[in-house]
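Coordinates as given in run37.cif (mmCIF, C-alpha atoms and all ligand atoms):
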```cif
data_input
#
loop_
_atom_site.label_atom_id
_atom_site.label_comp_id
_atom_site.auth_asym_id
_atom_site.auth_seq_id
_atom_site.Cartn_x
_atom_site.Cartn_y
_atom_site.Cartn_z
CA MET A 1418 -77.64 -77.98 -217.94
CA HIS A 1419 -78.16 -81.71 -217.76
CA PHE A 1420 -75.98 -84.13 -215.90
CA ALA A 1421 -75.69 -87.89 -216.04
CA HIS A 1422 -77.68 -90.04 -213.64
CA ARG A 1423 -74.47 -91.88 -212.77
CA LEU A 1424 -73.33 -88.91 -210.69
CA GLN A 1425 -75.99 -89.91 -208.14
CA SER A 1426 -74.25 -93.18 -207.46
CA LEU A 1427 -70.96 -91.33 -206.82
CA GLN A 1428 -72.38 -88.97 -204.24
CA VAL A 1429 -72.16 -91.00 -201.04
CA ASN A 1430 -68.85 -89.82 -199.77
CA VAL A 1431 -68.27 -89.85 -196.08
CA PHE A 1432 -64.69 -88.79 -196.70
CA ALA A 1433 -65.76 -85.47 -198.24
CA ASP A 1434 -67.83 -84.85 -195.08
CA MET A 1435 -64.82 -85.67 -192.94
CA ASP A 1436 -62.70 -83.29 -194.99
CA GLN A 1437 -65.15 -80.55 -194.12
CA ALA A 1438 -65.19 -81.58 -190.46
CA LYS A 1439 -61.38 -81.30 -190.42
CA SER A 1440 -61.45 -77.80 -191.96
CA LEU A 1441 -64.03 -76.67 -189.41
CA ALA A 1442 -61.96 -78.05 -186.54
CA VAL A 1443 -58.85 -76.23 -187.78
CA ALA A 1444 -60.83 -73.01 -188.31
CA ALA A 1445 -62.06 -73.34 -184.70
CA GLY A 1446 -58.44 -73.46 -183.47
CA GLN A 1447 -57.81 -77.20 -183.05
CA SER A 1448 -54.34 -78.43 -183.90
CA LEU A 1449 -54.98 -81.24 -186.35
CA ILE A 1450 -53.46 -84.71 -186.03
CA ASP A 1451 -54.66 -86.28 -189.24
CA LEU A 1452 -54.86 -90.07 -189.01
CA SER A 1453 -57.62 -90.27 -191.57
CA LEU A 1454 -55.65 -90.73 -194.80
CA GLY A 1455 -53.31 -93.55 -195.75
CA SER A 1456 -50.89 -91.07 -197.28
CA SER A 1457 -47.38 -91.78 -196.01
CA ASP A 1458 -45.49 -88.99 -194.24
CA LEU A 1459 -42.17 -90.69 -195.06
CA PRO A 1460 -39.87 -89.27 -197.74
CA VAL A 1461 -39.12 -90.88 -201.09
CA GLU A 1462 -35.57 -92.31 -201.33
CA ASP A 1463 -32.98 -89.79 -202.57
CA ALA A 1464 -31.76 -92.17 -205.31
CA VAL A 1465 -35.29 -92.27 -206.75
CA LEU A 1466 -35.69 -88.50 -206.59
CA GLU A 1467 -32.31 -88.08 -208.32
CA VAL A 1468 -33.43 -90.24 -211.24
CA ILE A 1469 -36.60 -88.19 -211.58
CA ALA A 1470 -34.62 -84.93 -211.34
CA GLN A 1471 -32.24 -86.08 -214.07
CA SER A 1472 -35.18 -87.05 -216.28
CA LEU A 1473 -36.63 -83.56 -215.85
CA GLN A 1474 -33.46 -82.12 -217.42
CA ASP A 1475 -33.77 -84.48 -220.37
CA SER A 1476 -36.21 -83.06 -222.90
CA SER A 1477 -36.65 -86.45 -224.55
CA THR A 1478 -38.77 -87.40 -221.52
CA HIS A 1479 -41.15 -84.47 -221.97
CA GLY A 1480 -43.45 -85.73 -224.69
CA TYR A 1481 -46.40 -88.08 -224.82
CA LEU A 1482 -45.42 -91.58 -223.81
CA LEU A 1483 -46.86 -94.47 -225.78
CA PHE A 1484 -46.84 -98.06 -224.56
CA HIS A 1485 -43.52 -98.98 -226.24
CA GLY A 1486 -41.83 -96.20 -224.22
CA THR A 1487 -42.79 -97.81 -220.93
CA ARG A 1488 -40.70 -100.93 -221.50
CA ARG A 1489 -38.04 -100.17 -218.88
CA PHE A 1490 -40.69 -99.80 -216.20
CA ARG A 1491 -42.50 -102.97 -217.30
CA GLU A 1492 -39.18 -104.81 -217.10
CA ALA A 1493 -38.60 -103.50 -213.58
CA ALA A 1494 -42.10 -104.59 -212.54
CA ALA A 1495 -41.69 -108.04 -214.07
CA GLN A 1496 -38.28 -108.46 -212.46
CA TRP A 1497 -39.74 -107.51 -209.07
CA TYR A 1498 -42.47 -110.16 -209.44
CA GLU A 1499 -39.98 -112.78 -210.52
CA GLN A 1500 -37.74 -112.08 -207.54
CA ARG A 1501 -40.56 -111.91 -205.02
CA PHE A 1502 -42.85 -114.67 -206.22
CA GLY A 1503 -40.82 -116.69 -208.72
CA LEU A 1504 -43.32 -115.81 -211.46
CA ALA A 1505 -42.07 -115.00 -214.94
CA VAL A 1506 -44.47 -112.78 -216.88
CA ASP A 1507 -44.54 -111.59 -220.48
CA LEU A 1508 -43.50 -107.94 -220.65
CA GLU A 1509 -45.56 -107.14 -223.71
CA THR A 1510 -48.83 -108.79 -222.77
CA GLU A 1511 -48.97 -109.24 -219.01
CA VAL A 1512 -47.80 -105.95 -217.47
CA LEU A 1513 -49.39 -102.52 -217.78
CA PRO A 1514 -48.21 -99.25 -216.16
CA LEU A 1515 -50.87 -97.22 -214.39
CA ILE A 1516 -51.28 -93.68 -213.13
CA GLY A 1517 -51.69 -95.08 -209.63
CA SER A 1518 -53.39 -98.37 -208.94
CA GLN A 1519 -56.65 -96.60 -208.09
CA GLU A 1520 -56.82 -95.47 -211.70
CA GLY A 1521 -56.51 -99.09 -212.84
CA THR A 1522 -59.01 -100.59 -210.41
CA ALA A 1523 -61.52 -97.84 -211.25
CA HIS A 1524 -61.10 -98.30 -215.03
CA LEU A 1525 -61.09 -102.10 -215.11
CA PRO A 1526 -64.89 -102.57 -214.64
CA LEU A 1527 -65.41 -100.55 -217.86
CA ALA A 1528 -63.54 -103.33 -219.63
CA ILE A 1529 -65.45 -106.21 -218.02
CA LEU A 1530 -69.00 -105.20 -217.14
CA ASN A 1531 -72.00 -104.53 -219.30
CA PRO A 1532 -74.77 -102.49 -217.67
CA GLY A 1533 -76.53 -104.69 -215.13
CA ASP A 1534 -73.66 -107.17 -214.74
CA ILE A 1535 -72.60 -107.78 -211.17
CA ALA A 1536 -69.22 -107.24 -209.50
CA LEU A 1537 -68.57 -109.03 -206.21
CA LEU A 1538 -66.90 -106.54 -203.88
CA GLN A 1539 -65.65 -106.60 -200.31
CA ASP A 1540 -67.62 -104.72 -197.66
CA PRO A 1541 -65.92 -102.83 -196.11
CA GLY A 1542 -63.72 -102.11 -199.07
CA TYR A 1543 -61.75 -99.50 -200.93
CA PRO A 1544 -63.91 -96.74 -202.44
CA SER A 1545 -62.46 -96.92 -205.99
CA HIS A 1546 -63.62 -100.53 -206.29
CA VAL A 1547 -67.19 -99.37 -205.74
CA GLY A 1548 -66.80 -96.20 -207.82
CA GLY A 1549 -65.40 -98.06 -210.82
CA VAL A 1550 -68.36 -100.43 -210.91
CA ALA A 1551 -70.75 -97.48 -210.63
CA LEU A 1552 -69.01 -95.71 -213.55
CA ALA A 1553 -69.36 -98.83 -215.67
CA GLY A 1554 -73.10 -99.07 -214.94
CA GLY A 1555 -72.56 -102.37 -213.16
CA GLU A 1556 -74.32 -103.64 -210.08
CA MET A 1557 -72.57 -104.61 -206.89
CA TYR A 1558 -72.92 -107.50 -204.55
CA ARG A 1559 -71.13 -106.55 -201.35
CA MET A 1560 -69.53 -109.54 -199.64
CA PRO A 1561 -69.57 -108.79 -195.90
CA LEU A 1562 -66.21 -109.06 -194.16
CA LEU A 1563 -66.82 -109.87 -190.52
CA ALA A 1564 -64.48 -110.21 -187.57
CA GLU A 1565 -65.82 -113.70 -186.80
CA HIS A 1566 -64.63 -114.85 -190.26
CA GLU A 1567 -61.30 -113.04 -190.02
CA PHE A 1568 -62.61 -110.46 -192.49
CA LEU A 1569 -62.64 -112.98 -195.34
CA PRO A 1570 -65.71 -113.38 -197.56
CA ILE A 1571 -67.71 -116.61 -197.39
CA PHE A 1572 -68.15 -117.57 -201.04
CA GLU A 1573 -70.87 -120.16 -200.31
CA ASN A 1574 -73.10 -117.38 -198.98
CA ILE A 1575 -73.29 -115.64 -202.36
CA PRO A 1576 -76.74 -116.40 -203.82
CA ALA A 1577 -76.85 -118.48 -207.02
CA GLU A 1578 -78.78 -115.76 -208.90
CA VAL A 1579 -76.01 -113.29 -208.05
CA CYS A 1580 -73.33 -115.73 -209.23
CA ALA A 1581 -75.20 -116.17 -212.52
CA ARG A 1582 -74.97 -112.44 -213.28
CA ALA A 1583 -71.53 -111.84 -211.78
CA ARG A 1584 -68.55 -111.14 -214.03
CA MET A 1585 -65.78 -110.17 -211.64
CA MET A 1586 -64.68 -110.48 -208.03
CA VAL A 1587 -62.45 -107.90 -206.37
CA LEU A 1588 -60.31 -108.87 -203.39
CA SER A 1589 -57.58 -106.99 -201.59
CA TYR A 1590 -55.31 -108.49 -198.89
CA PRO A 1591 -53.60 -107.28 -196.74
CA HIS A 1592 -56.85 -105.43 -196.44
CA ASN A 1593 -57.64 -101.76 -196.13
CA PRO A 1594 -59.42 -100.94 -193.84
CA THR A 1595 -59.67 -104.10 -191.69
CA THR A 1596 -55.90 -104.95 -191.84
CA ALA A 1597 -56.86 -108.61 -192.38
CA ILE A 1598 -54.50 -110.93 -194.21
CA ALA A 1599 -55.21 -113.82 -196.57
CA THR A 1600 -53.37 -117.07 -197.17
CA LEU A 1601 -52.50 -118.78 -200.43
CA PRO A 1602 -55.12 -121.52 -199.80
CA PHE A 1603 -57.72 -118.74 -199.49
CA PHE A 1604 -56.69 -117.36 -202.89
CA LYS A 1605 -56.85 -120.88 -204.32
CA SER A 1606 -60.43 -121.20 -203.07
CA ALA A 1607 -61.26 -117.77 -204.56
CA LEU A 1608 -59.82 -118.91 -207.89
CA GLU A 1609 -61.83 -122.11 -207.76
CA PHE A 1610 -65.00 -120.09 -207.14
CA CYS A 1611 -64.14 -117.74 -210.02
CA ASP A 1612 -63.42 -120.73 -212.30
CA GLN A 1613 -66.77 -122.22 -211.39
CA HIS A 1614 -68.65 -119.03 -212.26
CA ASP A 1615 -66.38 -117.75 -215.03
CA LEU A 1616 -65.40 -114.54 -213.18
CA ALA A 1617 -62.35 -112.33 -213.54
CA LEU A 1618 -60.39 -112.43 -210.29
CA VAL A 1619 -59.09 -108.97 -209.44
CA HIS A 1620 -56.63 -108.48 -206.62
CA ASP A 1621 -55.64 -105.04 -205.35
CA PHE A 1622 -52.26 -105.50 -203.65
CA PRO A 1623 -50.97 -102.17 -202.28
CA TYR A 1624 -49.78 -103.53 -198.92
CA VAL A 1625 -47.75 -106.47 -200.23
CA ASP A 1626 -44.66 -105.15 -198.44
CA ILE A 1627 -46.18 -103.75 -195.27
CA ALA A 1628 -46.48 -106.89 -193.20
CA PHE A 1629 -44.96 -107.68 -189.83
CA CYS A 1630 -43.45 -110.50 -187.82
CA GLY A 1631 -42.61 -112.84 -190.65
CA HIS A 1632 -45.94 -112.69 -192.47
CA THR A 1633 -45.35 -112.61 -196.23
CA PRO A 1634 -48.55 -111.72 -198.11
CA PRO A 1635 -49.17 -114.06 -201.05
CA SER A 1636 -49.92 -112.89 -204.58
CA VAL A 1637 -53.10 -114.06 -206.26
CA LEU A 1638 -50.87 -114.99 -209.21
CA GLN A 1639 -49.26 -117.68 -207.06
CA ALA A 1640 -52.69 -119.31 -206.93
CA ASP A 1641 -53.27 -118.69 -210.64
CA ARG A 1642 -49.80 -119.41 -211.98
CA GLU A 1643 -51.06 -119.80 -215.53
CA ARG A 1644 -52.86 -116.46 -215.24
CA LYS A 1645 -56.11 -117.95 -216.52
CA ARG A 1646 -58.34 -115.23 -215.08
CA SER A 1647 -56.46 -113.13 -212.52
CA ILE A 1648 -55.12 -109.61 -212.54
CA GLU A 1649 -53.24 -107.95 -209.69
CA PHE A 1650 -52.66 -104.26 -208.98
CA PHE A 1651 -49.48 -102.94 -207.42
CA THR A 1652 -48.78 -99.37 -206.38
CA MET A 1653 -45.62 -97.38 -205.68
CA SER A 1654 -47.61 -95.29 -203.16
CA LYS A 1655 -47.09 -97.46 -200.08
CA SER A 1656 -43.81 -99.43 -200.24
CA TYR A 1657 -41.95 -96.45 -201.71
CA SER A 1658 -44.01 -93.56 -200.25
CA MET A 1659 -44.70 -92.24 -203.77
CA GLY A 1660 -48.42 -91.57 -203.40
CA GLY A 1661 -48.28 -88.09 -204.92
CA PHE A 1662 -46.34 -89.34 -207.94
CA ARG A 1663 -49.27 -91.46 -209.12
CA VAL A 1664 -47.64 -94.62 -210.37
CA GLY A 1665 -48.47 -98.29 -210.21
CA TYR A 1666 -49.06 -101.24 -212.51
CA ALA A 1667 -51.38 -104.11 -213.34
CA ILE A 1668 -49.99 -107.59 -213.90
CA GLY A 1669 -51.65 -110.84 -214.88
CA ASN A 1670 -54.00 -112.35 -217.46
CA ALA A 1671 -53.14 -111.07 -220.94
CA GLN A 1672 -56.76 -110.62 -222.06
CA LEU A 1673 -57.59 -108.54 -218.98
CA ILE A 1674 -54.43 -106.47 -219.44
CA LYS A 1675 -55.26 -105.89 -223.11
CA ALA A 1676 -58.84 -104.89 -222.27
CA LEU A 1677 -57.70 -102.44 -219.59
CA ARG A 1678 -55.13 -101.02 -221.98
CA GLN A 1679 -57.88 -100.44 -224.55
CA ILE A 1680 -59.92 -98.45 -222.03
CA LYS A 1681 -56.87 -96.45 -220.95
CA ALA A 1682 -55.93 -95.66 -224.52
CA VAL A 1683 -59.06 -93.51 -224.66
CA VAL A 1684 -58.23 -91.77 -221.41
CA ASP A 1685 -54.48 -91.19 -221.00
CA PHE A 1686 -50.98 -91.43 -222.46
CA ASN A 1687 -49.35 -93.14 -219.47
CA GLN A 1688 -47.51 -91.60 -216.55
CA TYR A 1689 -44.67 -89.11 -217.23
CA LEU A 1690 -41.53 -91.02 -218.24
CA GLY A 1691 -39.39 -89.35 -215.55
CA ILE A 1692 -41.68 -90.72 -212.86
CA LEU A 1693 -41.65 -94.16 -214.46
CA ASN A 1694 -37.83 -93.96 -214.46
CA GLY A 1695 -37.86 -93.13 -210.74
CA ALA A 1696 -40.29 -95.96 -210.07
CA SER A 1697 -38.07 -98.40 -212.04
CA LYS A 1698 -35.14 -97.33 -209.89
CA ALA A 1699 -37.16 -97.99 -206.72
CA LEU A 1700 -38.27 -101.44 -207.91
CA THR A 1701 -34.82 -102.58 -208.97
CA SER A 1702 -32.71 -101.21 -206.11
CA SER A 1703 -31.87 -103.21 -202.98
CA GLN A 1704 -35.13 -103.17 -201.05
CA GLU A 1705 -33.45 -101.89 -197.86
CA SER A 1706 -35.54 -98.74 -197.78
CA VAL A 1707 -38.68 -100.89 -197.85
CA ALA A 1708 -37.40 -102.91 -194.90
CA ARG A 1709 -36.75 -99.64 -193.01
CA LEU A 1710 -40.24 -98.39 -193.81
CA VAL A 1711 -41.78 -101.62 -192.53
CA GLY A 1712 -39.78 -101.23 -189.30
CA ILE A 1713 -41.11 -97.69 -188.89
CA PHE A 1714 -44.73 -98.76 -189.35
CA LYS A 1715 -44.25 -101.66 -186.97
CA GLU A 1716 -42.89 -99.37 -184.26
CA ARG A 1717 -45.82 -96.98 -184.77
CA ARG A 1718 -48.27 -99.86 -184.66
CA ASP A 1719 -46.84 -101.13 -181.36
CA VAL A 1720 -46.79 -97.68 -179.75
CA PHE A 1721 -50.34 -96.90 -180.86
CA ILE A 1722 -51.86 -100.24 -179.82
CA GLU A 1723 -50.11 -100.07 -176.44
CA ALA A 1724 -51.29 -96.49 -175.87
CA LEU A 1725 -54.87 -97.50 -176.76
CA LYS A 1726 -54.62 -100.41 -174.32
CA ASP A 1727 -53.47 -98.02 -171.58
CA ILE A 1728 -56.65 -95.97 -172.00
CA GLY A 1729 -58.81 -99.12 -171.90
CA TRP A 1730 -59.39 -99.51 -175.65
CA SER A 1731 -58.51 -103.05 -176.62
CA VAL A 1732 -57.70 -103.49 -180.30
CA THR A 1733 -56.29 -106.45 -182.23
CA THR A 1734 -52.68 -105.89 -183.28
CA PRO A 1735 -52.61 -105.79 -187.08
CA ALA A 1736 -50.35 -108.26 -188.90
CA ALA A 1737 -50.07 -105.94 -191.90
CA THR A 1738 -50.85 -102.52 -193.45
CA MET A 1739 -50.31 -99.02 -192.08
CA TYR A 1740 -53.69 -98.94 -190.33
CA VAL A 1741 -55.38 -99.85 -187.08
CA TRP A 1742 -59.01 -101.01 -187.32
CA ALA A 1743 -60.58 -100.36 -183.96
CA PRO A 1744 -64.04 -101.49 -182.81
CA LEU A 1745 -65.82 -98.46 -181.39
CA PRO A 1746 -66.62 -98.38 -177.68
CA GLU A 1747 -70.09 -97.59 -176.33
CA PRO A 1748 -72.03 -95.36 -177.06
CA TRP A 1749 -70.55 -95.04 -180.56
CA GLN A 1750 -70.94 -98.59 -181.80
CA GLN A 1751 -73.49 -97.76 -184.45
CA ASN A 1752 -72.31 -94.29 -185.35
CA SER A 1753 -68.78 -94.16 -186.64
CA VAL A 1754 -69.42 -91.00 -188.67
CA GLU A 1755 -70.65 -89.04 -185.67
CA PHE A 1756 -67.76 -90.38 -183.59
CA CYS A 1757 -65.21 -89.13 -186.12
CA LYS A 1758 -66.92 -85.76 -186.56
CA GLN A 1759 -67.07 -85.12 -182.81
CA LEU A 1760 -63.58 -86.48 -182.23
CA VAL A 1761 -62.00 -84.09 -184.72
CA ALA A 1762 -64.13 -81.15 -183.55
CA GLN A 1763 -63.25 -81.67 -179.87
CA THR A 1764 -59.66 -82.95 -180.08
CA GLY A 1765 -58.29 -82.25 -183.56
CA VAL A 1766 -57.67 -86.00 -184.08
CA ALA A 1767 -59.01 -87.05 -187.48
CA ALA A 1768 -59.81 -90.69 -188.21
CA SER A 1769 -61.88 -92.47 -190.88
CA PRO A 1770 -65.33 -93.76 -189.99
CA GLY A 1771 -65.77 -97.45 -190.73
CA ALA A 1772 -69.13 -96.78 -192.38
CA GLY A 1773 -67.29 -94.83 -195.09
CA PHE A 1774 -65.91 -98.14 -196.38
CA GLY A 1775 -69.29 -99.86 -196.53
CA GLN A 1776 -72.13 -100.97 -194.32
CA SER A 1777 -70.16 -103.77 -192.68
CA GLY A 1778 -67.56 -101.22 -191.61
CA GLU A 1779 -70.04 -99.60 -189.23
CA GLY A 1780 -68.99 -99.92 -185.61
CA TYR A 1781 -65.30 -99.40 -186.42
CA VAL A 1782 -62.90 -96.56 -186.93
CA ARG A 1783 -59.70 -96.65 -189.00
CA PHE A 1784 -56.53 -94.92 -187.89
CA ALA A 1785 -53.72 -94.42 -190.43
CA LEU A 1786 -50.32 -94.51 -188.72
CA VAL A 1787 -48.91 -91.62 -190.71
CA HIS A 1788 -47.27 -89.72 -187.84
CA ASP A 1789 -44.27 -90.39 -185.62
CA PRO A 1790 -44.72 -92.32 -182.34
CA ASP A 1791 -44.77 -89.20 -180.12
CA THR A 1792 -47.56 -87.62 -182.16
CA LEU A 1793 -49.48 -90.90 -182.09
CA LYS A 1794 -49.23 -90.92 -178.27
CA ILE A 1795 -50.53 -87.34 -178.14
CA ALA A 1796 -53.44 -88.39 -180.36
CA VAL A 1797 -54.31 -91.22 -177.97
CA ASP A 1798 -54.05 -88.89 -174.95
CA ARG A 1799 -56.50 -86.53 -176.59
CA MET A 1800 -58.83 -89.44 -177.37
CA ALA A 1801 -58.70 -90.54 -173.72
CA THR A 1802 -60.06 -87.17 -172.66
CA PHE A 1803 -62.75 -87.36 -175.35
CA LEU A 1804 -63.81 -90.89 -174.42
CA HIS A 1805 -63.79 -90.45 -170.67
CA THR A 1806 -65.63 -87.12 -170.33
C1 LIG B 1901 -56.77 -100.91 -201.34
C2 LIG B 1901 -56.15 -99.71 -201.97
N1 LIG B 1901 -56.08 -99.64 -203.30
C3 LIG B 1901 -55.54 -98.58 -203.92
C4 LIG B 1901 -55.03 -97.52 -203.19
C5 LIG B 1901 -54.48 -96.33 -203.90
O1 LIG B 1901 -53.32 -96.62 -204.55
P1 LIG B 1901 -52.71 -95.60 -205.60
O2 LIG B 1901 -52.08 -94.48 -204.82
O3 LIG B 1901 -51.74 -96.39 -206.37
O4 LIG B 1901 -53.83 -95.11 -206.46
C6 LIG B 1901 -55.07 -97.55 -201.80
C7 LIG B 1901 -54.58 -96.42 -201.01
O5 LIG B 1901 -54.81 -96.24 -199.86
C8 LIG B 1901 -55.63 -98.68 -201.17
O6 LIG B 1901 -55.68 -98.79 -199.85
#
```
Structure translated into C-alpha cells:
Amino acid sequence: MHFAHRLQSLQVNVFADMDQAKSLAVAAGQSLIDLSLGSSDLPVEDAVLEVIAQSLQDSSTHGYLLFHGTRRFREAAAQWYEQRFGLAVDLETEVLPLIGSQEGTAHLPLAILNPGDIALLQDPGYPSHVGGVALAGGEMYRMPLLAEHEFLPIFENIPAEVCARARMMVLSYPHNPTTAIATLPFFKSALEFCDQHDLALVHDFPYVDIAFCGHTPPSVLQADRERKRSIEFFTMSKSYSMGGFRVGYAIGNAQLIKALRQIKAVVDFNQYLGILNGASKALTSSQESVARLVGIFKERRDVFIEALKDIGWSVTTPAATMYVWAPLPEPWQQNSVEFCKQLVAQTGVAASPGAGFGQSGEGYVRFALVHDPDTLKIAVDRMATFLHT
C-alpha cells in the first residue's frame, strides 16, 4: 500500500514515546503519578451532567446536528464573551461550535494556507498548532519564546522574506507549556504586525479562566474590537473540566469563521446536541464552580512550588494555567526527554519533556497539576530521591 508523504511530518511525537515509557514503568511495578497530561482530574458540575443526561433521554437530540441546531450554544458563547469582555458578536457569522478547540486549531490552516505558505507559530507551542499546518502542507516559522523575553515572541526578529510568505500567526496566552501571560498592549502590537503583513491572527485561549492573584487574561478580540483579522478559540475542557466531552468554539472574524465552517462541513456534523446543551448550561450558569476550580489549582500550584523549593529546585511561580514549567537542573539541561523517561522509570512520576513542545522548550520540563496536594508532595519527594542519588 501507499501512504501520503505528509505522515512523515506527523511522526515526531515525544508524547507517544512518553506514553510507552509510562506503560513500561507501570509494568515494572511503579505506582504512576501522572503529571504529564493537562487533563483535569476534577469532576464536571452536576447541573451540567443533569442537562446532558436529560438530553440523552430526548430522542430529538439523537440525529445529525446542522449549524442551525447549534444556536442555543452559540448564544451561550456570545453571552459569555459579552459578559466577560464587553464584546457583542454576531451569532450567525462570528461564532462556530467545535468538537474541542484542538479540532478547530488543527483545521483552520486548511482554510488559510496554500502549500508553501508560512504560519508563524510559537516555540515551544501546542502540538495541534504544528500538526494543523503540516496537514495543510504549509511551512512553519517557529518564533522562539525565551525566558529573557517573558516567553513572548519578538516580532522584529522575524525575517522579511518569512513575513512576505506568511499568512497566519498563532498565539496562545496564558501559555501552555511556559505558563507565560500576555497583556492587551502585547496583543495590540501583534495585531499591528498582522495588519502590516496581512496575516490572520489566531489566538488559542484555553486558560482564560485559570489565572491567579488578580491577573485577568485579555482576549485578542479586545485588541481587534472590529474583528478585522482575528479569531479566538475557547474550550470547555479546562474551565469546566469537560475535556473528554470534546466541546469548544471559535469566535471572531466572520470570513475566518466562514472558511473554517466550510472545512468542517466536509469533516463533521458538529458535536452531539446533548453535550452542546450541557456546555451551554456551564457557560450561562453562575461561574462559581470556575472560581472554585481556580482556587484548587492555585492551592496545588503553591504546594508544588514550595515542595520543589524545599528540595532545592527553584521555579518561577506561574501566574496562570494548570502547569509548572521548570528549568531542568544539571546534568539534564539539554536532555528533557531522557530526564522524563528516567524519572518515570525510576519513580513512577510522569512529566512532559520541554523538547516535546519544540526546540526552544529543551532544558525544561512541564508538570500538570492534575492531582491533589498530598499526591503532588509525594511526587516531589520521589523526585528528590531521583535528583539527589
Ligand atoms: C493550548 C491548548 N490548546 C488546545 C488544547 C486542547 O483543547 P480541547 O480539549 O478543547 O481540544 C489544549 C489542551 O491542553 C491546550 O493547552
List all protein, DNA and RNA residues that have at least one atom no more than 9 Å from any atom of ligand LIG 1901 (chain B), counting only C-alpha atoms and all ligand atoms, and write them as number ranges by chain. A: 1454-1456, 1515-1522, 1542-1546, 1588-1594, 1621-1624, 1650-1655, 1659-1666, 1738
Smallest atom-to-atom distance to Lys1715 of chain A: which of A:Gln1679, A:Thr1734, A:Thr1806, A:Thr1701, using all atoms listed in the file? A:Thr1734
Point (-66.7, -104.4, -220.4), cut-off 12 Å, counting all atoms listed in the file, residues as an MDAnalysis selection string: chainID A and resid 1524:1536 1549:1550 1552:1555 1584:1585 1617 1672:1673 1675:1677 1679:1680
For the point (-63.4, -99.6, -186.5) in file coordinates, what residues are within 9 Å, counting all atoms listed in the file? Give the answer as a PyMOL selection string? chain A and resi 1594-1595+1741-1745+1750+1753+1769-1772+1778-1784
Which residues are near segment 1472-1486 of chain A? Cut-off 9 Å, all atoms listed in the file, ignore same chain within fewer than 5 positions. Put them as a PyMOL selection string. chain A and resi 1467+1509+1513-1514+1686-1692+1694-1695
Output the selection as a PDB file, keeping the file's coordinate frame - C-alpha atoms for each residue.
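Result saved to part02.pdb:
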```pdb
ATOM      1  CA  GLU A1467     -32.310 -88.080-208.320  1.00  0.00           C
ATOM      2  CA  GLU A1509     -45.560-107.140-223.710  1.00  0.00           C
ATOM      3  CA  LEU A1513     -49.390-102.520-217.780  1.00  0.00           C
ATOM      4  CA  PRO A1514     -48.210 -99.250-216.160  1.00  0.00           C
ATOM      5  CA  PHE A1686     -50.980 -91.430-222.460  1.00  0.00           C
ATOM      6  CA  ASN A1687     -49.350 -93.140-219.470  1.00  0.00           C
ATOM      7  CA  GLN A1688     -47.510 -91.600-216.550  1.00  0.00           C
ATOM      8  CA  TYR A1689     -44.670 -89.110-217.230  1.00  0.00           C
ATOM      9  CA  LEU A1690     -41.530 -91.020-218.240  1.00  0.00           C
ATOM     10  CA  GLY A1691     -39.390 -89.350-215.550  1.00  0.00           C
ATOM     11  CA  ILE A1692     -41.680 -90.720-212.860  1.00  0.00           C
ATOM     12  CA  ASN A1694     -37.830 -93.960-214.460  1.00  0.00           C
ATOM     13  CA  GLY A1695     -37.860 -93.130-210.740  1.00  0.00           C
TER      14      GLY A1695
END
```
Can you pull out every residue within 7 Å of Phe1568 of chain A, counting all atoms listed in the file, but drop anything in the same chain fewer than 5 positions away, and send it as a ChimeraX atom specification? /A:1562-1563,1597
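Among the candidates A:Val1797, A:Leu1700, A:Ile1722, A:Ile1627, the one nearest to Ala1736 of chain A when counting all atoms listed in the file is A:Ile1627.
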Neighbours of Ala1628 of chain A within 10 Å (all atoms listed in the file; same-chain residues fewer than 2 positions away dropped), as a PyMOL selection string? chain A and resi 1591+1596+1598+1624-1626+1630-1634+1711-1712+1714-1715+1735-1739
d(atom CA of Pro1635 of chain A, atom CA of Leu1608 of chain A) in Å: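 Calculated distance between atom CA of Pro1635 of chain A and atom CA of Leu1608 of chain A is 13.6 Å.
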